[in-house]
Each structure stands twice: as C-alpha cells, then as structure tokens.
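See below for the structure under consideration.
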Amino acid sequence: MYGFLQHVINGLAAGTIYALVALGYTMVYGVLKLINFAHGDVMMVGVYVGYAVAFLLGRDSLGSTGSVLLIFAASMAACALLGFLIERFAYRPLREKPRLTALITAIGISFALSYGFQLDAQVNVRGTQVTLLPGAAARAFPEIITPVEWLNIGDGEVVIWNRQVISFLIAIGLMVGLQYLVFRTRFGRAMRAVSFDHRVAALLGIPVDRVIAMTFMLGSSLAAAAGLLYAIKDTSVQPLMGLYVGLKAFVAAVIGGIGHVPGALVGALALGLCEEFVVGYTNSSWRDAVAFGFLIVVLLLRPEGLFGRVQAEKV
Amino acid sequence: MRSLGAVVAVLSLAFWGCEKKAAPAPAPTKAPEVAAAPAESDTILIGEVGSLTGSEAAFGISTKNGIALAVEEANAAGGVKGKKLEVRVYDDQSKPEEAANATTRLITQDKVKVVLGEVASSNSLAMAPIAQEKKVPMITPSSTNPKVTEVGDYIFRVCFIDPFQGFVMAKYARDELKFGKVAILKDVKSAYSVGLAEVFERKFTEMGGKIVATESYSKGDSDFRAQLTALKKQKAEGIYVPGYYNDVGIIARQAKELGVKAVMMGGDGWDSDKLFELGGAAVEGAFVSNHYSAEDPSPVVQNFITKYKAKFGSVPDSLAALGYDSAQVAIEAMKRAPDLSGPALRDAIAQTKDFQGVAGKISLDDKRNAVKPAVVLKVKDGKFAYVATVNP
C-alpha cells in the first residue's frame, strides 16, 4: 500500500514535468500547426542559463526566495529571446513553404542545440575563464530550492518533498493562466484568429508576425520554467536532456489532443503515472514501449486525442 | 494524423541522412595511397575511438588524456623504429553505431596500425568485429565484459574482466560487510552492467547470500524513483548498482530522497570525479571495485599521477591510467614487432608478459585478457579511499 502511494507520488511528479513542457508544445502547435521539435532543447538552454545564474549568485544565496525568482526570470527571459530568434530566422522565412520544410528545420534546430551545447568553448576575458558552451558532461544542478520533506509516513515509507508539490501547483497555475490568456484576453483572441487562418487574420488587421513571435516567446519561457523544475527534481543538467523529455511531452500533448491546453496537462499526468507503474510493477524495459503503445491506442480510438476536437481537413 | 506520419518519415530520413554522412565513403583506391605514402614514412598512426561527447564523455576524455600522455612520452624518447607516433581520435558520441563507423574510418581511410578503445563494453563490442575482419589489432583499455575479446584473436584488453570484478564485490559484500540480502539495479542497455550484475548475482548466491530484487533502468534516464520505490520494499542491506557514474550519482541522490538506507555498491564504471559532483553526499559510504587507487604509494603510480597532474591539472582516474597502459602496451609491442603489419603486431601484443603498467602488472592470457588484481574503494569525504586489494 505504501509502495503504491509512493508510486503515485513519483508518477505525478514526473507527469508534472511532462505537463509543463507539453503546454509549450501544444500552444505553439495550436497557433502555427507546427510541431516545434526544438522545444525540448530550448528547455535545455533555459536550464543552462539558470545554472549559470545560480553559479554567478554563488553558493551562499542559494535557497532564498529572491535568488529563485531571479534565476527563473533570467532563464525565462533568455529563452523568450532564443524563441524569438528561432522563430524570426528559422521558421518565419518558411511559413509559406510546405509544412514538412518547417518540421525538418525544427529537427535541425533541435540537433544543433543539443549537440552544439556538447562542445567546449571558453574565452578568456581579462584573466577569467568564461564558459560559452558547457561541454558534454552532465553537471549537478544546484539546489536552488532547499529540499524539505513535507510528509514522511511510516519512517520513510512514503515521502513527499516540497519541490514536488511546488512544481505541481506551478503546473496547474500555468495551465489556468494559459487557458485564461487564450480564451479571455485580446491577445488570446488574436492567437486563435491566427490559428484559424493566418492569411485572413492578416487581412483583418491582426499583426500576424507579432502574434506568432509572442506565442513563441511565451512558449519558450514556459519551457525554461519547466526545465528548471525538471533540473531541480532530477538534480542534473546535460545537453541531451531536452531530446527525451521533449519527445515524451510531445506524446503527452498528442494523447491529450494537441493544441488543447488542459488536455496536455491530463495527458502528461496520465503518461507519468503510466510509466511509473510500468517500471515499478513490471520491468523498466517496457516503459517506452508502453508509453508509445498508449499513444497508439489513444490515437486508434480517438485520433484527435482525449480532448481534441475533430477538425475537417482543409484542402 | 498526417503530421505524426510525417514526423516518423522525417525522423527516419534524418537518421538515414546521418548514417550516410557518417559512414566512410569507399575511398577511391588510387588517390589516398599516393597521399598517404609520404605521411607513412615519418609517422606511425595510432587510432583511437572514444566517447568525447555524449553520456559517458568523462570516460572518453580521461582515456584520451592517458593515451596522449603515453604517446607524448614515447615520442620524447625517440618514437618507434625511428618514427614519431601520432594519435588520431574520433568521437563516437557514446553510441555503439558511431563507434563502429569511427573504427571503419580509422582502418580503411586513415590506415592506422592499431586501434585503441573503447571504455564502454557495448561500444567495444561494436568495434571489435571490424578490427578483427580487417586484421588490425585492437586494444580496449577498460572494457571489462568478457565477450569483447571473444570476438577474435586481434582483440586485446589491458584490464581485468567482469567475472573477476563481480566476484570481488560479491566476496567483499559477503565476507567483510556481512550482507545477507542485496538488491540489484542494473542498466539493461549496457553489456557491462548486465554482465556484471549476472556475475555478482551468481557469486553472491553461491556464497550464501540472497538477491532479494532485481530492477533495471536504461542509460540516459534521469528518474529512477519507480525502481527505487520497488526496491525499498525489500529492505535489502545493500544495493549493487553496476552502472556508469552519470546515472549512479543521480540514483544515489534519489535513493536518499526516498529514504532508502541500503549501502550502495558498484564497479569501475563509477570512477569519475563527476560522481561526487552529481551524487554529492548521497554517495558517501558506498563501495566500488576498481582497477587502481590513486593512493597507491608505488613509484610507478605516483610518477604517473605527477606527470598527469602537470599536463591536465587533475588527479587521473582509473580510465586515464588504463588508457595510458593500453597505449604503452601498443607502443612496446610495436618496438618488438618485426614490422607493423597487422599479423606481426598482433603476435607482438599477444606476447606481452609482466609489463609494469600503472594499473598493475599486465600479462595477457591465451584469451587476450589481462590477469591482475583489483582494489576495493570506499567513498569518503568526496573521494575514493583505498580499502582492500583482492588478487585473482
């Protein structure tokens, strides 16, 4: 029984991270109908930015609320900028090209980031070594949120840590915020209009380029937040971390109905729990097979995902 | 779901594209010979395949440093047969398929005399059949899975093999630590980890201990809580984790987080300073079997450490030591061999006997494995402290 409870907690914690990454995926897809495969790698860049800021702040200031906020703000701002640059120079020139072109570009950017960050590059600025690219080796992510046990039943049988709860609440909060943004604000209406048909939206005076750029910046900063929570949870950072989580988050988004915000959250939590139970009660080798099998079953039964709406294909 | 189909198509296209690029183009027969001829007259090329990027990058980089040091010394001492040595290194990104590509490229394109590599047994196993087929000797510095040298008579190693390493840890856990119940957590994607877990289980059971649970993970995972939660129920006294440092550090942290109190044990795959960075206080008190200890007072070891520190600024781990040894064995064999053709060099390497390496005396047996003692180390204050030596 205790074991089961602990598995549920672990599964929800893993699902929370997938959910946060999936939100960004789903939002960009919702507007652009582009599966942004570089999303996971933007997340990775965000984690490294957070790592650098935490490093600059020094060991003493770790754990204080101010430093956590500063780390999140810096990392989210940096990723927003990166998202803007990627959209401006890689995707925008291809917007009128077949969708496959942008998709391949996305995969290219993903590989460029995840393998580019495996290079070692340092410059010497007035006597101090400044690392530009971190190199391939995994690094320990500093404990920017001091870990505290919030619940401990039966002498370590069931343990809940503060960061698991905090991450979960942040995921719910962001989902609600995003839902509000999309359906209740002017900007959200513009997003939906662009999503429906960006040419017509442009005719109606909606600044399409700006809306898409904003969407990318928002999605990328969400990725940064997700990445930081992921790094806090699993305590390490390495350049390939984004590939795997990105893929899983993509599966979660598709299960929930890609483009659907609460769907991404539900899909991600379901995927996290499903993986946890498979590993906990059978064999870890089955995890990915079951995760992707789950995807296939959902798509067979409901091709639009659990929450997605059926859309007539535009010809 | 047109988009998903497209994704799959694109991915397969991308991989096909990569493979095509990475595979060595069949070199036109005439041109390279002409180009290689002058180069061959004044240098001898040694090939090296290593994981300089990817998940086990720390291994590849240490090994590369060790090899570079050995070659530099040999060159300073006049080289081999009047020629200078040169190492050509290719990165395999810690992936078996890339290791195989790199080996083909080294042999067919660069025409190296000997191939050094890899650390991970899975990667060495991908390289060995190519070296064997082309009849170019290959020496792996630190792949301990027995299957590697079983590929053929051109494949050698300068380290001990897993049956011995697994035996050492099982014996220590049973005799010294007095453990009765031990759980195993192994990396199913790694030939090294699977092999070591198998031996440990057999030996530990033979000695009267009990394996209460076996769980597995895949290299590159970062969440091991499901497995650890399942292990926790069994109340084992020790957990044997024959994995690599990058996974082990995180496993240790998460074990602590989940309130697992069992003592962790492992093998030479733990050996990297990265372990302490990633694992922090959670790896304290763990035991590992290893090839050498930097605390060994013998002059050979201390000399090596001084030279290594001067050049690379860090204390060499056992992979650096074995990289150094593998290059030295290759260089010594080149000096003894009548010529540097594959068969002649192979015979010379096979005759290596009582060669004093940094990580112990190396004598190659008829299965081309080195027979040498192992050490047991304990993690103490963020480094490995010497505990015991176990002889074969």
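Letters for chains follow the order of the structure tokens (A, B, ...), residue numbers begin at 1 for each chain, and ligand numbers begin at 1 in the order shown.
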List every residue of chain B that has an atom at most 7 Å from any atom of chain A, and for each one report the closest atom pair and its distance in Å to one decimal, counting only C-alpha atoms, with rows sorted by chain and then by increasing residue number, as JSON lines.
```
{"residue": "B:Met1", "atom": "CA", "partner": "A:Pro303", "partner_atom": "CA", "distance": 6.9}
{"residue": "B:Val10", "atom": "CA", "partner": "A:Ile104", "partner_atom": "CA", "distance": 6.7}
{"residue": "B:Thr53", "atom": "CA", "partner": "A:Ala136", "partner_atom": "CA", "distance": 5.0}
{"residue": "B:Gly54", "atom": "CA", "partner": "A:Ala136", "partner_atom": "CA", "distance": 5.7}
{"residue": "B:Ser55", "atom": "CA", "partner": "A:Ala137", "partner_atom": "CA", "distance": 6.8}
{"residue": "B:Ala57", "atom": "CA", "partner": "A:Ala137", "partner_atom": "CA", "distance": 5.7}
{"residue": "B:Ala58", "atom": "CA", "partner": "A:Ala137", "partner_atom": "CA", "distance": 6.3}
{"residue": "B:Ser216", "atom": "CA", "partner": "A:Ser284", "partner_atom": "CA", "distance": 5.7}
{"residue": "B:Tyr217", "atom": "CA", "partner": "A:Ser284", "partner_atom": "CA", "distance": 5.6}
{"residue": "B:Ser222", "atom": "CA", "partner": "A:Asp234", "partner_atom": "CA", "distance": 6.1}
{"residue": "B:Asp223", "atom": "CA", "partner": "A:Asp234", "partner_atom": "CA", "distance": 6.5}
{"residue": "B:Arg225", "atom": "CA", "partner": "A:Asn10", "partner_atom": "CA", "distance": 6.5}
{"residue": "B:Ala226", "atom": "CA", "partner": "A:Gly280", "partner_atom": "CA", "distance": 4.8}
{"residue": "B:Gln227", "atom": "CA", "partner": "A:Gly280", "partner_atom": "CA", "distance": 5.5}
{"residue": "B:Thr229", "atom": "CA", "partner": "A:Gly3", "partner_atom": "CA", "distance": 6.5}
{"residue": "B:Ala230", "atom": "CA", "partner": "A:Gly280", "partner_atom": "CA", "distance": 5.6}
{"residue": "B:Asn246", "atom": "CA", "partner": "A:Ala138", "partner_atom": "CA", "distance": 6.8}
{"residue": "B:Leu258", "atom": "CA", "partner": "A:Val159", "partner_atom": "CA", "distance": 6.1}
{"residue": "B:Gly259", "atom": "CA", "partner": "A:Gly156", "partner_atom": "CA", "distance": 4.9}
{"residue": "B:Glu277", "atom": "CA", "partner": "A:Ala140", "partner_atom": "CA", "distance": 5.8}
{"residue": "B:Leu278", "atom": "CA", "partner": "A:Ala140", "partner_atom": "CA", "distance": 4.7}
```
Segment 17-190 of chain A: which residues are helix (DSSP H, G or I) by DSSP, as a ChimeraX atom specification?
/A:17-32,39-57,59-61,65-94,99-116,162-184,186-190
Excluding Ala226 of chain A and residues on its chain fewer than 3 positions from it, collect all residues at most 6 Å away from it, counting only C-alpha atoms, and give them as a list in words.
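Skipping anything fewer than 3 positions along the chain leaves Leu20, Val21, Ala223 and Leu229 of chain A.
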Export, as a JSON list (two decimals), in the first residue's frame, the selected residues with N, CA and C atoms.
```
[["chain", "number", "residue", "atom", "x", "y", "z"],
["A", 20, "LEU", "N", 4.38, 20.52, -18.03],
["A", 20, "LEU", "CA", 4.90, 21.87, -18.25],
["A", 20, "LEU", "C", 5.53, 22.01, -19.63],
["A", 21, "VAL", "N", 6.25, 20.96, -20.04],
["A", 21, "VAL", "CA", 6.86, 21.02, -21.37],
["A", 21, "VAL", "C", 5.77, 20.92, -22.44],
["A", 223, "ALA", "N", 8.92, 26.80, -21.43],
["A", 223, "ALA", "CA", 9.87, 25.70, -21.49],
["A", 223, "ALA", "C", 10.98, 25.91, -20.47],
["A", 229, "LEU", "N", 12.33, 23.38, -13.26],
["A", 229, "LEU", "CA", 11.68, 22.49, -12.29],
["A", 229, "LEU", "C", 12.15, 21.04, -12.50]]
```
Near-Leu265 of chain A list (10 Å; only C-alpha atoms; drop same-chain fewer than 6 positions) as a JSON list (two decimals) with all heavy atoms, in the first residue's frame:
```
[["chain", "number", "residue", "atom", "x", "y", "z"],
["A", 15, "GLY", "N", 4.93, 13.33, -14.22],
["A", 15, "GLY", "CA", 3.92, 13.85, -15.14],
["A", 15, "GLY", "C", 3.86, 15.36, -15.14],
["A", 15, "GLY", "O", 3.61, 15.99, -16.17],
["A", 16, "THR", "N", 4.10, 15.96, -13.96],
["A", 16, "THR", "CA", 4.09, 17.41, -13.86],
["A", 16, "THR", "C", 5.10, 18.04, -14.81],
["A", 16, "THR", "O", 4.82, 19.03, -15.49],
["A", 16, "THR", "CB", 4.46, 17.83, -12.42],
["A", 16, "THR", "OG1", 3.52, 17.24, -11.54],
["A", 16, "THR", "CG2", 4.44, 19.31, -12.27],
["A", 17, "ILE", "N", 6.29, 17.44, -14.87],
["A", 17, "ILE", "CA", 7.33, 17.99, -15.76],
["A", 17, "ILE", "C", 6.90, 17.83, -17.22],
["A", 17, "ILE", "O", 7.01, 18.77, -18.01],
["A", 17, "ILE", "CB", 8.67, 17.27, -15.51],
["A", 17, "ILE", "CG1", 9.08, 17.37, -14.05],
["A", 17, "ILE", "CG2", 9.75, 17.83, -16.43],
["A", 17, "ILE", "CD1", 9.28, 18.76, -13.53],
["A", 18, "TYR", "N", 6.41, 16.65, -17.56],
["A", 18, "TYR", "CA", 5.92, 16.46, -18.94],
["A", 18, "TYR", "C", 4.84, 17.49, -19.25],
["A", 18, "TYR", "O", 4.80, 18.04, -20.35],
["A", 18, "TYR", "CB", 5.31, 15.06, -19.11],
["A", 18, "TYR", "CG", 6.28, 13.91, -19.01],
["A", 18, "TYR", "CD1", 5.84, 12.65, -18.64],
["A", 18, "TYR", "CD2", 7.62, 14.08, -19.31],
["A", 18, "TYR", "CE1", 6.72, 11.58, -18.55],
["A", 18, "TYR", "CE2", 8.50, 13.02, -19.22],
["A", 18, "TYR", "CZ", 8.04, 11.77, -18.84],
["A", 18, "TYR", "OH", 8.91, 10.72, -18.75],
["A", 19, "ALA", "N", 3.98, 17.75, -18.27],
["A", 19, "ALA", "CA", 2.88, 18.68, -18.49],
["A", 19, "ALA", "C", 3.40, 20.08, -18.81],
["A", 19, "ALA", "O", 2.93, 20.73, -19.75],
["A", 19, "ALA", "CB", 1.98, 18.73, -17.26],
["A", 20, "LEU", "N", 4.38, 20.52, -18.03],
["A", 20, "LEU", "CA", 4.90, 21.87, -18.25],
["A", 20, "LEU", "C", 5.53, 22.01, -19.63],
["A", 20, "LEU", "O", 5.39, 23.02, -20.29],
["A", 20, "LEU", "CB", 5.91, 22.22, -17.16],
["A", 20, "LEU", "CG", 5.28, 22.53, -15.81],
["A", 20, "LEU", "CD1", 6.29, 22.44, -14.70],
["A", 20, "LEU", "CD2", 4.66, 23.91, -15.85],
["A", 21, "VAL", "N", 6.25, 20.96, -20.04],
["A", 21, "VAL", "CA", 6.86, 21.02, -21.37],
["A", 21, "VAL", "C", 5.77, 20.92, -22.44],
["A", 21, "VAL", "O", 5.79, 21.63, -23.44],
["A", 21, "VAL", "CB", 7.90, 19.89, -21.54],
["A", 21, "VAL", "CG1", 8.59, 20.00, -22.89],
["A", 21, "VAL", "CG2", 8.94, 19.95, -20.44],
["A", 22, "ALA", "N", 4.78, 20.05, -22.18],
["A", 22, "ALA", "CA", 3.72, 19.84, -23.16],
["A", 22, "ALA", "C", 2.89, 21.10, -23.39],
["A", 22, "ALA", "O", 2.39, 21.34, -24.49],
["A", 22, "ALA", "CB", 2.83, 18.69, -22.72],
["A", 23, "LEU", "N", 2.75, 21.95, -22.34],
["A", 23, "LEU", "CA", 1.96, 23.17, -22.50],
["A", 23, "LEU", "C", 2.55, 24.04, -23.61],
["A", 23, "LEU", "O", 1.83, 24.56, -24.47],
["A", 23, "LEU", "CB", 1.93, 23.97, -21.19],
["A", 23, "LEU", "CG", 1.04, 23.42, -20.07],
["A", 23, "LEU", "CD1", 1.15, 24.31, -18.85],
["A", 23, "LEU", "CD2", -0.41, 23.31, -20.52],
["A", 171, "ALA", "N", 2.44, 23.95, -12.24],
["A", 171, "ALA", "CA", 1.88, 23.42, -13.49],
["A", 171, "ALA", "C", 0.40, 23.74, -13.61],
["A", 171, "ALA", "O", -0.07, 24.19, -14.66],
["A", 171, "ALA", "CB", 2.10, 21.91, -13.54],
["A", 172, "ILE", "N", -0.35, 23.52, -12.52],
["A", 172, "ILE", "CA", -1.78, 23.82, -12.55],
["A", 172, "ILE", "C", -2.01, 25.31, -12.78],
["A", 172, "ILE", "O", -2.81, 25.73, -13.61],
["A", 172, "ILE", "CB", -2.46, 23.42, -11.20],
["A", 172, "ILE", "CG1", -2.23, 21.95, -10.91],
["A", 172, "ILE", "CG2", -3.93, 23.79, -11.20],
["A", 172, "ILE", "CD1", -3.21, 21.01, -11.51],
["A", 175, "MET", "N", -1.31, 26.32, -16.30],
["A", 175, "MET", "CA", -2.35, 25.85, -17.21],
["A", 175, "MET", "C", -3.57, 26.78, -17.14],
["A", 175, "MET", "O", -4.11, 27.19, -18.17],
["A", 175, "MET", "CB", -2.76, 24.43, -16.84],
["A", 175, "MET", "CG", -3.72, 23.82, -17.81],
["A", 175, "MET", "SD", -4.75, 22.61, -17.02],
["A", 175, "MET", "CE", -5.89, 23.64, -16.14],
["A", 249, "ALA", "N", 6.93, 14.72, -23.85],
["A", 249, "ALA", "CA", 5.94, 15.78, -23.73],
["A", 249, "ALA", "C", 5.09, 15.86, -25.00],
["A", 249, "ALA", "O", 3.89, 16.10, -24.95],
["A", 249, "ALA", "CB", 6.62, 17.12, -23.46],
["A", 252, "ALA", "N", 2.59, 13.24, -24.72],
["A", 252, "ALA", "CA", 1.56, 13.66, -23.77],
["A", 252, "ALA", "C", 0.60, 14.64, -24.44],
["A", 252, "ALA", "O", -0.62, 14.55, -24.27],
["A", 252, "ALA", "CB", 2.21, 14.29, -22.55],
["A", 253, "ALA", "N", 1.16, 15.58, -25.20],
["A", 253, "ALA", "CA", 0.32, 16.59, -25.86],
["A", 253, "ALA", "C", -0.60, 15.94, -26.88],
["A", 253, "ALA", "O", -1.77, 16.30, -27.00],
["A", 253, "ALA", "CB", 1.20, 17.65, -26.53],
["A", 255, "ILE", "N", -1.64, 12.77, -26.84],
["A", 255, "ILE", "CA", -2.64, 11.98, -26.11],
["A", 255, "ILE", "C", -3.78, 12.88, -25.64],
["A", 255, "ILE", "O", -4.95, 12.56, -25.77],
["A", 255, "ILE", "CB", -2.01, 11.26, -24.91],
["A", 255, "ILE", "CG1", -1.12, 10.11, -25.41],
["A", 255, "ILE", "CG2", -3.08, 10.71, -23.97],
["A", 255, "ILE", "CD1", -0.35, 9.41, -24.32],
["A", 256, "GLY", "N", -3.41, 14.05, -25.11],
["A", 256, "GLY", "CA", -4.43, 14.97, -24.59],
["A", 256, "GLY", "C", -5.20, 15.66, -25.70],
["A", 256, "GLY", "O", -6.23, 16.27, -25.45],
["A", 271, "LEU", "N", 0.46, 9.97, -18.61],
["A", 271, "LEU", "CA", 1.68, 9.34, -19.11],
["A", 271, "LEU", "C", 2.68, 9.11, -17.98],
["A", 271, "LEU", "O", 3.28, 8.03, -17.87],
["A", 271, "LEU", "CB", 2.31, 10.23, -20.19],
["A", 271, "LEU", "CG", 3.51, 9.64, -20.91],
["A", 271, "LEU", "CD1", 3.08, 8.48, -21.79],
["A", 271, "LEU", "CD2", 4.21, 10.70, -21.74]]
```
Residues within 9 Å of Asp347 of chain B, only C-alpha atoms, excluding chain neighbours under 4 positions, as a count of residues only:
6
Out of B:Gly382, B:Gly267, B:Pro137, B:Pro316, which residue has the shortest atom-to-atom distance to Val115 of chain B when counting only C-alpha atoms?
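Counting only C-alpha atoms, the residue closest to Val115 of chain B is B:Pro137.
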Selection near segment 72-76 of chain A, 8 Å with only C-alpha atoms, sequence-local residues under 6 positions removed, as a PyMOL selection string:
chain A and resi 46-47+49-50+53+220-225+228
